[in-house]
file structure_37.cif (mmCIF, C-alpha atoms)
data_start
loop_
_atom_site.group_PDB
_atom_site.id
_atom_site.type_symbol
_atom_site.label_atom_id
_atom_site.label_comp_id
_atom_site.auth_asym_id
_atom_site.auth_seq_id
_atom_site.Cartn_x
_atom_site.Cartn_y
_atom_site.Cartn_z
ATOM 1 C CA MET C 204 7.549 88.287 -185.138
ATOM 2 C CA GLU C 205 9.970 87.398 -187.899
ATOM 3 C CA LYS C 206 8.152 84.107 -188.489
ATOM 4 C CA ILE C 207 4.825 85.888 -188.933
ATOM 5 C CA ILE C 208 6.306 88.287 -191.502
ATOM 6 C CA PHE C 209 8.055 85.386 -193.255
ATOM 7 C CA PHE C 210 4.904 83.258 -193.521
ATOM 8 C CA GLY C 211 2.831 86.335 -194.339
ATOM 9 C CA LEU C 212 4.992 86.837 -197.438
ATOM 10 C CA VAL C 213 5.831 83.222 -198.359
ATOM 11 C CA ILE C 214 2.305 81.793 -198.285
ATOM 12 C CA PRO C 215 0.819 84.319 -200.763
ATOM 13 C CA ILE C 216 3.862 83.985 -203.028
ATOM 14 C CA MET C 217 3.628 80.189 -202.971
ATOM 15 C CA ALA C 218 -0.108 80.358 -203.675
ATOM 16 C CA TYR C 219 0.541 82.637 -206.655
ATOM 17 C CA VAL C 220 3.256 80.295 -207.993
ATOM 18 C CA LEU C 221 0.887 77.341 -207.685
ATOM 19 C CA TYR C 222 -1.849 79.335 -209.422
ATOM 20 C CA LEU C 223 0.485 80.194 -212.330
ATOM 21 C CA GLY C 224 1.595 76.558 -212.612
ATOM 22 C CA GLY C 225 -2.013 75.367 -212.699
ATOM 23 C CA MET C 226 -2.897 77.901 -215.374
ATOM 24 C CA ALA C 227 0.076 76.805 -217.494
ATOM 25 C CA ILE C 228 -0.959 73.160 -217.200
ATOM 26 C CA MET C 229 -4.570 73.976 -218.135
ATOM 27 C CA ASN C 230 -3.417 75.998 -221.162
ATOM 28 C CA GLY C 231 -1.319 73.017 -222.230
ATOM 29 C CA PHE C 232 -4.356 70.715 -222.023
ATOM 30 C CA LYS C 233 -6.463 73.182 -224.023
ATOM 31 C CA SER C 234 -3.789 73.476 -226.715
ATOM 32 C CA LYS C 235 -3.412 69.707 -226.917
ATOM 33 C CA GLU C 236 -7.177 69.277 -227.340
ATOM 34 C CA ALA C 237 -7.289 71.998 -230.000
ATOM 35 C CA ASN C 238 -4.444 70.313 -231.913
ATOM 36 C CA ARG C 239 -6.225 66.973 -231.690
ATOM 37 C CA ALA C 240 -9.431 68.512 -233.065
ATOM 38 C CA GLU C 241 -7.533 70.182 -235.934
ATOM 39 C CA LYS C 242 -5.788 66.919 -236.770
ATOM 40 C CA GLU C 243 -9.075 64.987 -236.844
ATOM 41 C CA GLU C 244 -10.627 67.686 -239.032
ATOM 42 C CA ALA C 245 -7.696 67.581 -241.449
ATOM 43 C CA GLU C 246 -7.890 63.780 -241.611
ATOM 44 C CA SER C 247 -11.611 63.873 -242.360
ATOM 45 C CA GLU C 248 -11.014 66.456 -245.113
ATOM 46 C CA GLY C 249 -8.297 64.214 -246.519
ATOM 47 C CA ARG C 250 -10.730 61.308 -246.636
ATOM 48 C CA GLU C 251 -13.316 63.463 -248.414
ATOM 49 C CA THR C 252 -10.715 64.609 -250.931
ATOM 50 C CA SER C 253 -9.634 61.055 -251.693
ATOM 51 C CA GLU C 254 -13.269 60.006 -252.097
ATOM 52 C CA THR C 255 -13.932 62.801 -254.585
ATOM 53 C CA SER C 256 -10.752 61.990 -256.507
ATOM 54 C CA ASP C 257 -11.867 58.342 -256.688
ATOM 55 C CA GLU C 258 -15.224 59.466 -258.039
ATOM 56 C CA GLN C 259 -13.535 61.735 -260.588
ATOM 57 C CA SER C 260 -11.233 58.969 -261.792
ATOM 58 C CA SER C 261 -14.153 56.544 -262.140
ATOM 59 C CA ASN C 262 -16.126 59.213 -264.028
ATOM 60 C CA LEU C 263 -13.130 59.809 -266.287
ATOM 61 C CA SER C 264 -12.707 56.110 -267.003
ATOM 62 C CA ASP C 265 -16.454 55.801 -267.708
ATOM 63 C CA GLU C 266 -16.319 58.712 -270.143
ATOM 64 C CA LEU C 267 -13.284 57.272 -271.907
ATOM 65 C CA ALA C 268 -14.997 53.884 -272.178
ATOM 66 C CA LYS C 269 -18.069 55.547 -273.703
ATOM 67 C CA LEU C 270 -15.899 57.413 -276.187
ATOM 68 C CA ASN C 271 -14.111 54.213 -277.122
ATOM 69 C CA ASP C 272 -17.454 52.460 -277.697
ATOM 70 C CA LEU C 273 -18.604 55.303 -279.946
ATOM 71 C CA LYS C 274 -15.366 55.081 -281.923
ATOM 72 C CA GLU C 275 -15.610 51.307 -282.283
ATOM 73 C CA LYS C 276 -19.226 51.540 -283.451
ATOM 74 C CA GLY C 277 -18.168 54.091 -286.067
ATOM 75 C CA ILE C 278 -20.292 56.896 -284.649
ATOM 76 C CA ILE C 279 -17.266 59.151 -284.188
ATOM 77 C CA SER C 280 -14.006 59.205 -286.119
ATOM 78 C CA GLN C 281 -10.507 58.625 -284.731
ATOM 79 C CA GLU C 282 -9.827 62.393 -284.848
ATOM 80 C CA GLU C 283 -13.000 63.181 -282.894
ATOM 81 C CA PHE C 284 -12.104 60.472 -280.389
ATOM 82 C CA GLU C 285 -8.613 61.933 -279.892
ATOM 83 C CA LYS C 286 -9.985 65.472 -279.465
ATOM 84 C CA ALA C 287 -12.589 64.369 -276.919
ATOM 85 C CA LYS C 288 -10.046 62.209 -275.058
ATOM 86 C CA ASN C 289 -7.553 65.079 -274.856
ATOM 87 C CA LYS C 290 -10.293 67.397 -273.655
ATOM 88 C CA LEU C 291 -11.252 64.967 -270.872
ATOM 89 C CA LEU C 292 -7.665 64.329 -269.829
ATOM 90 C CA ASN C 293 -6.711 68.019 -269.786
ATOM 91 C CA ASN C 294 -9.678 69.083 -267.646
#

call {"tool": "encode", "arguments": {"input": "structure_37.cif", "output": "structure tokens"}}
result
Amino acid sequence: MEKIIFFGLVIPIMAYVLYLGGMAIMNGFKSKEANRAEKEEAESEGRETSETSDEQSSNLSDELAKLNDLKEKGIISQEEFEKAKNKLLNN
């Protein structure tokens, strides 16, 4: 009789412990996958940001080259060149 009571209590408790352990493991896998997805998203945003900064720097260098050509051709004065250059560099 004692064995029946013992196994009647131990088996459900052990099943519950195993259930809780399985749930904890599954939550760990879900969290790991979510972190991986966030990391990949952040890396892709970083790549996009670096691409846009490359485009901005090439646009800036193109604009400065155009201004320099205008100054060398005498279309704009040195003062106008400096003002336009400062405006580009400050924005």

call {"tool": "residues_around", "arguments": {"input": "structure_37.cif", "residues": "region 283-292 of chain C", "least_positions_apart": "5", "cutoff": "9 Å", "atoms": "all atoms listed in the file", "output": "PyMOL selection string"}}
result
chain C and resi 263+266-267+270-271+273-274

call {"tool": "atom_distance", "arguments": {"input": "structure_37.cif", "atom1": "CA of Lys206 (chain C)", "atom2": "CA of Ala218 (chain C)"}}
result
17.7 Å

call {"tool": "atom_distance", "arguments": {"input": "structure_37.cif", "atom1": "CA of Asn294 (chain C)", "atom2": "CA of Ser264 (chain C)"}}
result
13.3 Å

call {"tool": "axis_aligned_box", "arguments": {"input": "structure_37.cif", "around": "region 289-293 of chain C", "padding_each_side": "5 Å", "output": "lines of an AutoDock Vina configuration file"}}
result
center_x = -9.0
center_y = 66.2
center_z = -272.3
size_x = 14.5
size_y = 13.7
size_z = 15.1

call {"tool": "atom_distance", "arguments": {"input": "structure_37.cif", "atom1": "CA of Glu282 (chain C)", "atom2": "CA of Asn262 (chain C)"}}
result
22.0 Å
